[in-house]
Amino acid sequence: MEPSQYAKLKQVLSNYFTDIQYSEITQLNSKSNDNTNNNSNSNETFKVKVRKNLFILKQLNSNNEKTDNLVQDLIHVTDYLALNNFETTNLVETTVGEKFVKIENETYILYKYIYGIIPKKFDLSNNHLKSLGIYLANVHKSLKELQYTPKKSNDTKDTKNIQILIKNQIKTLKEEINKFEEDDKELINAMIEEYDKVNKEFLENVDNNQIIHGNSIIENVLYDKQYNDYYLINFNNILIENKFNDIGSLCSSFFISENTNKVLYSRKMHDKFIIGYYLTMVKNTQKVERISKEDFMKQCVDATMLVSLQNTLKYYIDSLKNDNKNNIEKAQNSYELFRVIHKDNYTL
């Protein structure tokens, strides 16, 4: 770390702590398995030790309205969850009561370090999967009571706008389809056809939008083995959507490697998570509002397939932007996950 950068970070920390003489700062890389909460909104991430206490200090990409909105979303959601006994990355206050620091056109946030590791997705036990289902159901139950409209970009903050965004992406893909190899052309056409069918049926059968996490992949979950606790992190993408969006995101991430070069689907694993969620949801709802287990499981499976198709679309669009063959492979494997789930659940 350059001395000038270190000095700036010490200046940032001085807004949070009156005595930082014995503080330690370590830069974390983007591949760290260390609850760094990394995403496109962040620039640099650091582990900070102050008087034996550990924190994560994050420099956000820019100091503008978009960054300010992101910080406000983080504050509202993580503070609300903390009040409801969910430990997550709620922001630490400065000595003057702010939850961010702005220095030289840069915005910094600080939160307590959470002890835990990202679960190994292909090694998740039945108890892990059921517990994850219970945990996510309880998070959703809590967030359902939060009356807040995300301040993030209007194109991705609710169902209607997301549907418009995806519709435009499909249009772009159709217009640019001749840029792909023949096998990918066939896959893209099949993906669009399947997406239209699954999405139409899915939207007809779900309602009751609420605040959700928006990117609840397993890489955004930490597990503390000592206390057998789970922590959902990275609330930078909150939106008003149906809870099945989160369910589909988490479930699809169980069965495809982080770099999406390996697909390993297990219906038994899928069912264990869904049952954990369902039993918790039923316990927290009135009898007249309850959905049957069979209908709920179908909606969860459909949501997982829908997210897999959305990921296929996303990676093909990304490949048009930067001509990255890796994105083509990710798209192909995301579609393969959809195909395997569909075959395992709907083929006699």
# chains A, B, ... in the order shown; residues from 1 in each chain; ligands from 1

$ select_by_dssp --residues "region 28-245 of chain A" --states "helix (DSSP H, G or I)" --output "PyMOL selection string"
chain A and resi 65-83+121-123+126-144+154-156+159-175+177-179+182-205+218-220+243-245

$ residues_around --residues "Leu136 (chain A)" --least-positions-apart "4" --cutoff "10 Å" --atoms "only C-alpha atoms" --output "JSON, numbers by chain"
{"A": [131, 132, 140, 141, 142, 213, 216, 230, 231, 232, 243, 246, 247, 250, 273, 276, 277, 280, 281]}

$ write_last_selection --atoms "C-alpha atoms" --output "compact mmCIF listing (two decimals), in the first residue's frame"
# COMPACT_ATOMS: atom_id res chain seq x y z
CA SER A 131 -31.19 -24.04 7.76
CA LEU A 132 -30.51 -21.68 4.84
CA HIS A 140 -38.02 -12.03 4.17
CA LYS A 141 -40.56 -12.04 7.00
CA SER A 142 -38.69 -9.17 8.64
CA HIS A 213 -32.07 -8.58 -1.07
CA SER A 216 -28.97 -13.48 -2.64
CA TYR A 230 -25.82 -17.48 8.77
CA TYR A 231 -25.37 -13.87 7.70
CA LEU A 232 -26.66 -12.38 4.47
CA LYS A 243 -39.47 -13.04 -2.56
CA ASP A 246 -34.27 -14.14 -3.89
CA ILE A 247 -35.23 -17.80 -3.59
CA LEU A 250 -29.93 -18.48 -3.96
CA PHE A 273 -33.85 -25.78 0.99
CA GLY A 276 -36.92 -25.33 5.20
CA TYR A 277 -38.25 -22.08 3.76
CA THR A 280 -40.92 -21.34 8.35
CA MET A 281 -43.23 -19.38 6.06

$ closest_residue --among "A:Leu54, A:Cys251, A:Val282, A:Val48" --to "Val307 (chain A)" --atoms "only C-alpha atoms"
A:Cys251

$ closest_residue --among "A:Leu306, A:Ile170, A:Leu110, A:Asn138" --to "Lys197 (chain A)" --atoms "only C-alpha atoms"
A:Leu306

$ closest_residue --among "A:Phe235, A:Tyr315, A:Tyr223, A:Tyr265" --to "Leu70 (chain A)" --atoms "only C-alpha atoms"
A:Phe235

$ residues_around --residues "Tyr6 (chain A)" --least-positions-apart "6" --cutoff "12 Å" --atoms "only C-alpha atoms" --output "ChimeraX atom specification"
/A:12-13,23-27,46,48

$ closest_residue --among "A:Lys179, A:Glu106, A:Lys112, A:Thr45" --to "Asn64 (chain A)" --atoms "only C-alpha atoms"
A:Glu106

$ atom_distance --atom1 "CA of Val77 (chain A)" --atom2 "CA of Thr18 (chain A)"
27.5 Å

$ residues_around --residues "Leu129 (chain A)" --least-positions-apart "5" --cutoff "7 Å" --atoms "only C-alpha atoms" --output "MDAnalysis selection string"
chainID A and resid 124 269 272:273

$ residues_around --residues "Gly214 (chain A)" --least-positions-apart "6" --cutoff "7 Å" --atoms "only C-alpha atoms" --output "number ranges by chain"
A: 237-239, 246

$ write_last_selection --atoms "C-alpha atoms" --output "mmCIF file, in the first residue's frame"
data_model
loop_
_atom_site.group_PDB
_atom_site.id
_atom_site.type_symbol
_atom_site.label_atom_id
_atom_site.label_comp_id
_atom_site.auth_asym_id
_atom_site.auth_seq_id
_atom_site.Cartn_x
_atom_site.Cartn_y
_atom_site.Cartn_z
ATOM 1 C CA ASN A 237 -28.993 -4.305 -4.773
ATOM 2 C CA ILE A 238 -32.205 -4.114 -2.763
ATOM 3 C CA LEU A 239 -35.421 -3.796 -4.739
ATOM 4 C CA ASP A 246 -34.273 -14.136 -3.886
#

$ closest_residue --among "A:Cys300, A:Ile328, A:Leu222, A:Val340" --to "Leu264 (chain A)" --atoms "only C-alpha atoms"
A:Val340
